[in-house]
Amino acid sequence: MISLYGGSGFVGGEFQRMYDSCIQIPHDQREPKSNKILYFISTVDNYNVYDNITLDVDTNLHVLCQVLDYCRSKDIEFNFISSWFVYGNTSLPAKENGLCNPTGFYSITKKCAEDLLISFCNTYGVKYRILRLCNVLGLEDRKASRKKNAIMWMINQLKLNKDINLYNNGSPYRDVMYVKDVCRAIKLVIDTGELNTIYNIGSGYPTQVGEIINFVKDYISSKSQINTIEPPEFHKNVQVQDFWMDVGKIESLGFVPEFTLEEGLKNICQ
């Protein structure tokens with residue numbers, strides 16, 4: 001059985017629906033109920049610096065340390081969900097052993113959480129895996145917004161026939177994958193992945209944001225108008241222009257997505 005932390009979120013919730021081997025740990029509890037942990041607890045964007053400057057530290061670091069306090073047994077296997085945001089400006093495609101140069105409070109605290117976990121596990125002989133997720137698309141992301149999972153938020157706007165603004169005419173590249181495939185990849189790593197290492201979870205392919213948006217607009221015959229604007233200065237400071245991953249490690253485990261990007265987008269449009 002898997003002790004699931006953060007099962008009420010987008011990807012964690014989908015993972016729980018797909019696999020019945022999960023024990024959801026309540027939001028206010030820290031002690032695991034099994035020796036295998038899957039940890040999703042996290043903030044979701046870099047914008048908390050404006051209205052709650054300590055939220056990223058409190059959530060991404062303090063809560064993690066509270067959970068780790070119950071994990072001093074060598075029998076624990078800690079699977080930590082991280083983000084592509086930890087890479088920042090790096091060589092592409094981003095490799096697990098490549099340079100990380102995160103900017104923004106969310107990105108920096110996610111990388112710090114990785115480092116704290118590795119240090120803790122080395123100190124107590126605990127086993128771990130770190131899984132860095134790409135952009136994940138799917139219907140159940142209730143927190144999708146201009147700040148978090150903006151691609152999914154724009155798709156939702158298209159479905160409502162509302163106008164949207166694209167940064168730089170949609171030219172930035174992203175690594176995107178349908179949520180069910182992301183969950184399948186996570187499960188594969190938990191079941192068969194090497195311990196004490198990092199895995200990229202993504203498609204490995206660069207896709208322009210504008211390509212996604214225009215496909216959805218045409219597919220659903222949306223009446224939305226698509227405008228192009230300059231990114232605000234804060235976005236330029238904390239967000240990379242282009243990103244995609246090297247996924248050789250997950251492919252070496254035999255992972256092949258079940259959904260093409262087009263198929264995933266069509267499912268989202270239903």
# chains A, B, ... in the order shown; residues from 1 in each chain; ligands from 1
>>> residues_around(residues="Ile25 in chain A", least_positions_apart="3", cutoff="12 Å", atoms="only C-alpha atoms", output="VMD selection string")
chain A and resid 2 to 8 12 16 22 28 to 34 37 to 41 67
>>> write_last_selection(atoms="C-alpha atoms", output="compact mmCIF listing (two decimals), in the first residue's frame")
# COMPACT_ATOMS: atom_id res chain seq x y z
CA ILE A 2 1.04 3.60 -0.70
CA SER A 3 0.64 6.41 1.83
CA LEU A 4 -0.57 9.24 -0.39
CA TYR A 5 0.05 12.82 0.72
CA GLY A 6 -1.71 15.53 -1.28
CA GLY A 7 -4.31 13.25 -2.80
CA SER A 8 -6.85 16.07 -3.10
CA GLY A 12 -2.61 13.18 -6.80
CA GLN A 16 -5.82 7.86 -6.45
CA CYS A 22 -3.48 4.25 -1.95
CA ASP A 28 -3.80 17.66 8.99
CA GLN A 29 -1.91 14.41 9.60
CA ARG A 30 1.78 13.74 9.04
CA GLU A 31 2.45 10.11 10.02
CA PRO A 32 2.49 7.60 7.11
CA LYS A 33 0.32 4.46 7.27
CA SER A 34 2.69 2.29 5.22
CA ILE A 37 5.14 7.12 0.51
CA LEU A 38 3.98 9.15 -2.48
CA TYR A 39 4.23 12.83 -1.64
CA PHE A 40 2.40 15.52 -3.67
CA ILE A 41 2.00 18.29 -1.05
CA VAL A 67 6.46 14.31 7.57
>>> select_by_dssp(residues="range 14-51 of chain A", states="alpha helix (DSSP H)", output="number ranges by chain")
A: 14-18
>>> write_last_selection(atoms="N, CA and C atoms", output="mmCIF file, in the first residue's frame")
data_model
loop_
_atom_site.group_PDB
_atom_site.id
_atom_site.type_symbol
_atom_site.label_atom_id
_atom_site.label_comp_id
_atom_site.auth_asym_id
_atom_site.auth_seq_id
_atom_site.Cartn_x
_atom_site.Cartn_y
_atom_site.Cartn_z
ATOM 1 N N GLU A 14 -6.007 12.222 -9.414
ATOM 2 C CA GLU A 14 -6.127 11.302 -10.555
ATOM 3 C C GLU A 14 -5.408 9.983 -10.263
ATOM 4 N N PHE A 15 -4.239 10.075 -9.628
ATOM 5 C CA PHE A 15 -3.502 8.858 -9.272
ATOM 6 C C PHE A 15 -4.348 7.979 -8.348
ATOM 7 N N GLN A 16 -4.996 8.603 -7.394
ATOM 8 C CA GLN A 16 -5.817 7.859 -6.446
ATOM 9 C C GLN A 16 -7.014 7.212 -7.127
ATOM 10 N N ARG A 17 -7.589 7.883 -8.112
ATOM 11 C CA ARG A 17 -8.719 7.303 -8.853
ATOM 12 C C ARG A 17 -8.276 6.125 -9.720
ATOM 13 N N MET A 18 -7.037 6.183 -10.210
ATOM 14 C CA MET A 18 -6.559 5.135 -11.102
ATOM 15 C C MET A 18 -6.071 3.892 -10.362
#
>>> atom_distance(atom1="CA of Leu55 in chain A", atom2="CA of Phe105 in chain A")
9.2 Å
>>> atom_distance(atom1="CA of Gly9 in chain A", atom2="CA of Glu263 in chain A")
23.1 Å
>>> residues_around(residues="Trp84 in chain A", least_positions_apart="5", cutoff="7 Å", atoms="only C-alpha atoms", output="ChimeraX atom specification")
/A:132-134
>>> write_last_selection(atoms="C-alpha atoms", output="JSON list (two decimals), in the first residue's frame")
[["chain", "number", "residue", "atom", "x", "y", "z"],
["A", 132, "ARG", "CA", 10.09, 15.91, -11.78],
["A", 133, "LEU", "CA", 6.83, 16.40, -13.67],
["A", 134, "CYS", "CA", 6.36, 18.24, -16.96]]
>>> closest_residue(among="A:Ile151, A:Leu195, A:Val209, A:Leu253", to="Ile268 in chain A", atoms="only C-alpha atoms")
A:Ile151
>>> atom_distance(atom1="CA of Ser107 in chain A", atom2="CA of Ser145 in chain A")
17.3 Å
>>> residues_around(residues="Ser91 in chain A", least_positions_apart="5", cutoff="10 Å", atoms="only C-alpha atoms", output="PyMOL selection string")
chain A and resi 98-100+243-245
>>> residues_around(residues="His62 in chain A", least_positions_apart="4", cutoff="12 Å", atoms="only C-alpha atoms", output="JSON, numbers by chain")
{"A": [30, 41, 42, 54, 55, 56, 57, 58, 66, 67, 68, 69, 109, 110, 112, 113, 116, 117]}
>>> write_last_selection(atoms="C-alpha atoms", output="mmCIF file, in the first residue's frame")
data_model
loop_
_atom_site.group_PDB
_atom_site.id
_atom_site.type_symbol
_atom_site.label_atom_id
_atom_site.label_comp_id
_atom_site.auth_asym_id
_atom_site.auth_seq_id
_atom_site.Cartn_x
_atom_site.Cartn_y
_atom_site.Cartn_z
ATOM 1 C CA ARG A 30 1.781 13.744 9.039
ATOM 2 C CA ILE A 41 2.000 18.287 -1.050
ATOM 3 C CA SER A 42 3.107 21.569 -2.615
ATOM 4 C CA THR A 54 6.125 32.574 3.646
ATOM 5 C CA LEU A 55 3.575 30.191 2.077
ATOM 6 C CA ASP A 56 6.049 28.418 -0.218
ATOM 7 C CA VAL A 57 8.491 27.908 2.650
ATOM 8 C CA ASP A 58 5.770 26.777 5.055
ATOM 9 C CA GLN A 66 7.155 17.395 9.684
ATOM 10 C CA VAL A 67 6.463 14.310 7.570
ATOM 11 C CA LEU A 68 10.143 13.354 7.429
ATOM 12 C CA ASP A 69 10.191 13.399 11.223
ATOM 13 C CA THR A 109 11.663 25.902 -2.467
ATOM 14 C CA LYS A 110 10.869 22.854 -4.634
ATOM 15 C CA CYS A 112 15.392 23.049 -1.715
ATOM 16 C CA ALA A 113 12.850 20.368 -0.761
ATOM 17 C CA LEU A 116 16.505 18.438 2.114
ATOM 18 C CA LEU A 117 14.990 15.067 1.254
#
>>> decode(residues="range 10-25 of chain A", atoms="N, CA and C atoms", output="PDB file, in the first residue's frame")
ATOM      1  N   PHE A  10      -4.632  17.921  -8.148  1.00  0.00           N
ATOM      2  CA  PHE A  10      -4.915  17.528  -9.525  1.00  0.00           C
ATOM      3  C   PHE A  10      -4.335  16.153  -9.869  1.00  0.00           C
ATOM      4  N   VAL A  11      -3.011  16.037  -9.855  1.00  0.00           N
ATOM      5  CA  VAL A  11      -2.377  14.776 -10.251  1.00  0.00           C
ATOM      6  C   VAL A  11      -2.549  13.722  -9.163  1.00  0.00           C
ATOM      7  N   GLY A  12      -2.422  14.123  -7.898  1.00  0.00           N
ATOM      8  CA  GLY A  12      -2.611  13.178  -6.802  1.00  0.00           C
ATOM      9  C   GLY A  12      -4.007  12.582  -6.794  1.00  0.00           C
ATOM     10  N   GLY A  13      -5.006  13.412  -7.075  1.00  0.00           N
ATOM     11  CA  GLY A  13      -6.373  12.918  -7.122  1.00  0.00           C
ATOM     12  C   GLY A  13      -6.580  11.932  -8.253  1.00  0.00           C
ATOM     13  N   GLU A  14      -6.007  12.222  -9.414  1.00  0.00           N
ATOM     14  CA  GLU A  14      -6.127  11.302 -10.555  1.00  0.00           C
ATOM     15  C   GLU A  14      -5.408   9.983 -10.263  1.00  0.00           C
ATOM     16  N   PHE A  15      -4.239  10.075  -9.628  1.00  0.00           N
ATOM     17  CA  PHE A  15      -3.502   8.858  -9.272  1.00  0.00           C
ATOM     18  C   PHE A  15      -4.348   7.979  -8.348  1.00  0.00           C
ATOM     19  N   GLN A  16      -4.996   8.603  -7.394  1.00  0.00           N
ATOM     20  CA  GLN A  16      -5.817   7.859  -6.446  1.00  0.00           C
ATOM     21  C   GLN A  16      -7.014   7.212  -7.127  1.00  0.00           C
ATOM     22  N   ARG A  17      -7.589   7.883  -8.112  1.00  0.00           N
ATOM     23  CA  ARG A  17      -8.719   7.303  -8.853  1.00  0.00           C
ATOM     24  C   ARG A  17      -8.276   6.125  -9.720  1.00  0.00           C
ATOM     25  N   MET A  18      -7.037   6.183 -10.210  1.00  0.00           N
ATOM     26  CA  MET A  18      -6.559   5.135 -11.102  1.00  0.00           C
ATOM     27  C   MET A  18      -6.071   3.892 -10.362  1.00  0.00           C
ATOM     28  N   TYR A  19      -5.590   4.072  -9.143  1.00  0.00           N
ATOM     29  CA  TYR A  19      -4.967   2.959  -8.427  1.00  0.00           C
ATOM     30  C   TYR A  19      -5.582   2.836  -7.029  1.00  0.00           C
ATOM     31  N   ASP A  20      -6.002   1.626  -6.699  1.00  0.00           N
ATOM     32  CA  ASP A  20      -6.671   1.404  -5.416  1.00  0.00           C
ATOM     33  C   ASP A  20      -5.709   0.990  -4.309  1.00  0.00           C
ATOM     34  N   SER A  21      -4.416   1.157  -4.564  1.00  0.00           N
ATOM     35  CA  SER A  21      -3.414   0.778  -3.560  1.00  0.00           C
ATOM     36  C   SER A  21      -3.027   1.951  -2.675  1.00  0.00           C
ATOM     37  N   CYS A  22      -3.826   3.028  -2.678  1.00  0.00           N
ATOM     38  CA  CYS A  22      -3.477   4.254  -1.953  1.00  0.00           C
ATOM     39  C   CYS A  22      -4.214   4.363  -0.626  1.00  0.00           C
ATOM     40  N   ILE A  23      -3.502   4.813   0.379  1.00  0.00           N
ATOM     41  CA  ILE A  23      -4.096   5.222   1.647  1.00  0.00           C
ATOM     42  C   ILE A  23      -3.943   6.741   1.712  1.00  0.00           C
ATOM     43  N   GLN A  24      -5.040   7.477   1.567  1.00  0.00           N
ATOM     44  CA  GLN A  24      -4.931   8.935   1.581  1.00  0.00           C
ATOM     45  C   GLN A  24      -4.697   9.423   2.997  1.00  0.00           C
ATOM     46  N   ILE A  25      -3.623  10.160   3.183  1.00  0.00           N
ATOM     47  CA  ILE A  25      -3.306  10.739   4.479  1.00  0.00           C
ATOM     48  C   ILE A  25      -4.053  12.067   4.612  1.00  0.00           C
TER      49      ILE A  25
END
